[in-house]
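A.B. asks: Structure provided below as structure tokens; questions to follow.
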Amino acid sequence: MRYAISCTFLAGLFITWGCGALPGSPEDPPDGGGASQPASSQGASGAVWVVPDDASPEGGPAPVSSEGGTEGNEGDTATAPDAGLDDASAAPDDASLAVVDCIPAAADGACPLSVSGAALPGTGAQFQCEGESLTECPGPSTPPDPGTCAPHLKPAGQSRCTVTATTVNCNSVNATVGGREVVWQVPLGTPPPNGWPAVVLFQASLYPPSTTWSGDAGAAFGLFNYLLLEAMLLDNGFSVIEPTADNSGNFWDTNFPNYDTSGDATFMPIFLDAIQAGTFGPVDLTKLYASGMSSGGFMTSRMAVSYPGWFVALAVQSGGYASCPGGVACTPTLPLPANHPPTLFLHGALDVAVPISDSESYYQDLVAQGTETEIIVDAQIVHEVLKIAPQAVTCWFLQHGGSQ
């Protein structure tokens with residue numbers, strides 16, 4: 001084994017049990033690329049969205065299908081879901097979380113909100129009522145503004161993916177970089193003059209990218225929503241690039257000690273150079289983003305810690321700070337990078353593989369230093385990809401320089 005300290009891999013839970021880590025060595029970003037401006041230049045922001053898992057009761061919007069039509073119970077009377085976080089539920093210890101229950105939009109487009117709990121003081125916290133779409137309830141102070149962010153799936157024939165209510169199939173291209181398989185694709189159509197905005201998706205443990213470009217709604221750990229994210233990104237003008245993790249594609253090294261000497265630390269500069277060289281098609285290096293779930297979420301954080309200046313914005317899904325272990329509460333190593341990219345967190349309130357406190361503490365530290373950040377908490381799920389992830393992550397990147 002590579003490390004003297006014994007670490008246990010929680011295979012069934014998508015995460016590695018880390019033992020602490022040292023920050024990696026920064027790599028030089030491309031000229032003018034990535035988050036070259038301090039994140040604080042975009043203004044301090046701390047938005048908390050808490051959504052119940054059953055926030056699409058009868059009468060709510062149905063999943064979009066690229067093969068035409070939707071599914072759901074049309075015409076039913078809208079009723080408020082009972083779900084939500086309160087003092088007696090499995091909410092994080094931080095009692096400042098604001099809770100939003102959303103009644104599906106009425107016929108007149110109204111969005112009745114019931115807000116309980118105090119907003120995070122001084123952060124300009126905003127609220128999102130959520131069903132299957134970020135634009136379901138465009139109420140006041142609802143991020144993102146539906147007028148500027150309306151991600152959508154394209155019809156079959158106009159997309160790299162074929163999406164139904166229960167299946168996603170996206171065609172892809174394979175490359176070998178630094179001895180690892182990288183699976184990628186560009187949107188249909190002509191790229192912008194400077195190349196496509198691009199999202200690096202870091203795999204969850206045990207699910208290398210060769211296995212995650214097609215699947216159905218029966219996939220474990222919410223991976224169907226991950227497939228929908230791939231389709232949503234491609235259909236909204238982003239290239240998608242998915243490298244294979246170290247350890248035979250099982251998990252990333254970021255949680256383990258001495259990241260600087262790990263296989264991933266060797267691979268990442270080669271991988272970033274390949275992006276810059278056009279190996280994955282034309283990429284606008286000023287519009288490079290990263291996201292990932294679980295082990296991939298921790299690796300997404302690693303981009304801020306060890307590769308400053310490369311990425312414009314991040315979305316950490318069911319993960320935490322770069323060197324944190326899974327399964328136990330962990331706080332970031334301070335100080336955080338001053339130019340930490342704006343970061344969106346998505347987490348299940350009932351997650352025991354990666355406690356929600358990992359996201360919460362990370363989020364609070366970013367708020368404290370004035371870095372733009374938001375968090376979405378699903379009140380009723382464990383360790384999985386949130387249903388709102390395809391829309392939320394795509395919107396987050398569109399709002400930070402991506403373009404439809």
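Ligands are numbered from 1 in the order shown, residues from 1 within each chain, and chains are lettered A, B, ... in the order they appear in the structure tokens.
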Running DSSP on the backbone, which parts of stretch 162-312 of chain A land in alpha helix (DSSP H), as a PDB file with C-alpha atoms, in the first residue's frame?
C.D. replies:
```pdb
ATOM      1  CA  LEU A 223     -26.621   8.377 -10.704  1.00  0.00           C
ATOM      2  CA  PHE A 224     -29.515   8.882 -13.083  1.00  0.00           C
ATOM      3  CA  ASN A 225     -29.403  12.531 -12.047  1.00  0.00           C
ATOM      4  CA  TYR A 226     -25.669  12.557 -12.828  1.00  0.00           C
ATOM      5  CA  LEU A 227     -26.453  11.310 -16.345  1.00  0.00           C
ATOM      6  CA  LEU A 228     -29.052  14.037 -16.695  1.00  0.00           C
ATOM      7  CA  LEU A 229     -26.405  16.552 -15.622  1.00  0.00           C
ATOM      8  CA  GLU A 230     -24.142  15.416 -18.463  1.00  0.00           C
ATOM      9  CA  ALA A 231     -26.997  15.847 -20.933  1.00  0.00           C
ATOM     10  CA  MET A 232     -28.017  19.209 -19.492  1.00  0.00           C
ATOM     11  CA  LEU A 233     -24.479  20.568 -19.695  1.00  0.00           C
ATOM     12  CA  LEU A 234     -24.007  19.435 -23.296  1.00  0.00           C
ATOM     13  CA  ASP A 235     -27.395  20.780 -24.362  1.00  0.00           C
ATOM     14  CA  ASP A 246      -6.418   6.887  -9.679  1.00  0.00           C
ATOM     15  CA  ASN A 247      -6.429   3.465  -8.003  1.00  0.00           C
ATOM     16  CA  SER A 248      -7.698   1.613 -11.085  1.00  0.00           C
ATOM     17  CA  GLY A 249     -10.511   4.094 -11.476  1.00  0.00           C
ATOM     18  CA  GLY A 263      -0.855   9.493  -8.659  1.00  0.00           C
ATOM     19  CA  ASP A 264      -3.454  12.212  -9.087  1.00  0.00           C
ATOM     20  CA  ALA A 265      -0.885  14.936  -8.411  1.00  0.00           C
ATOM     21  CA  THR A 266       1.193  13.486 -11.240  1.00  0.00           C
ATOM     22  CA  PHE A 267      -1.818  13.144 -13.537  1.00  0.00           C
ATOM     23  CA  MET A 268      -3.509  16.513 -13.085  1.00  0.00           C
ATOM     24  CA  PRO A 269      -0.824  18.751 -14.717  1.00  0.00           C
ATOM     25  CA  ILE A 270      -0.746  16.375 -17.701  1.00  0.00           C
ATOM     26  CA  PHE A 271      -4.532  16.445 -17.880  1.00  0.00           C
ATOM     27  CA  LEU A 272      -4.735  20.247 -17.642  1.00  0.00           C
ATOM     28  CA  ASP A 273      -2.047  20.575 -20.315  1.00  0.00           C
ATOM     29  CA  ALA A 274      -4.125  18.287 -22.546  1.00  0.00           C
ATOM     30  CA  ILE A 275      -7.163  20.544 -22.109  1.00  0.00           C
ATOM     31  CA  GLN A 276      -5.030  23.537 -23.022  1.00  0.00           C
ATOM     32  CA  ALA A 277      -3.614  21.724 -26.059  1.00  0.00           C
ATOM     33  CA  SER A 295     -14.959  11.300  -3.962  1.00  0.00           C
ATOM     34  CA  GLY A 296     -15.374  13.484  -7.032  1.00  0.00           C
ATOM     35  CA  GLY A 297     -16.757  16.250  -4.836  1.00  0.00           C
ATOM     36  CA  PHE A 298     -13.636  16.227  -2.686  1.00  0.00           C
ATOM     37  CA  MET A 299     -11.536  16.241  -5.868  1.00  0.00           C
ATOM     38  CA  THR A 300     -13.525  19.237  -7.086  1.00  0.00           C
ATOM     39  CA  SER A 301     -12.461  21.096  -3.946  1.00  0.00           C
ATOM     40  CA  ARG A 302      -8.883  20.036  -4.665  1.00  0.00           C
ATOM     41  CA  MET A 303      -9.013  22.220  -7.788  1.00  0.00           C
ATOM     42  CA  ALA A 304      -9.324  25.316  -5.578  1.00  0.00           C
ATOM     43  CA  VAL A 305      -6.609  24.183  -3.172  1.00  0.00           C
ATOM     44  CA  SER A 306      -3.935  22.864  -5.530  1.00  0.00           C
TER      45      SER A 306
END
```
A.B. asks: Could you pull out the strand (DSSP E or B) residues of stretch 191-359 of chain A, going by DSSP on the backbone, and write them as a count of residues only?
C.D. replies: 37
A.B. asks: Between atom CA of A:Thr279 and atom CA of A:Val168, what is the spacing in Å?
C.D. replies: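 Between atom CA of A:Val168 and atom CA of A:Thr279 the gap works out to 25.5 Å.
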A.B. asks: Fewer than 5 positions away in the same chain doesn't count, so skip those; otherwise give me all residues within 8 Å of A:Pro342, counting only C-alpha atoms, as number ranges by chain.
C.D. replies: A: 39, 312-314, 371-373
A.B. asks: Compare A:Cys324, A:Cys161, A:Val200, A:Ile375 by their minimum atom-to-atom distance to A:Asp253, counting only C-alpha atoms, and give me the closest one.
C.D. replies: A:Cys324
A.B. asks: Looking at only C-alpha atoms, which of A:Gly319, A:Pro335, A:Gly179, A:Pro308 is the one that sits closest to A:Ser359?
C.D. replies: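 Going through A:Gly319, A:Pro335, A:Gly179, A:Pro308 one by one, the smallest distance to A:Ser359 is for A:Gly319.
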A.B. asks: Considering only C-alpha atoms, state which residue in the set A:Ile241, A:Ile376, A:Ile388, A:Val382 is at the smallest distance from A:Glu181.
C.D. replies: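 Selected residue with least distance to A:Glu181: A:Ile241.
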A.B. asks: When you draw a straight line from atom CA of A:Asp260 to atom CA of A:Ala338, how long is it in Å?
C.D. replies: 20.4 Å
A.B. asks: What is the distance, in Å and to one decimal place, between atom CA of A:Val177 and atom CA of A:His400?
C.D. replies: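 So the answer is 28.0 Å.
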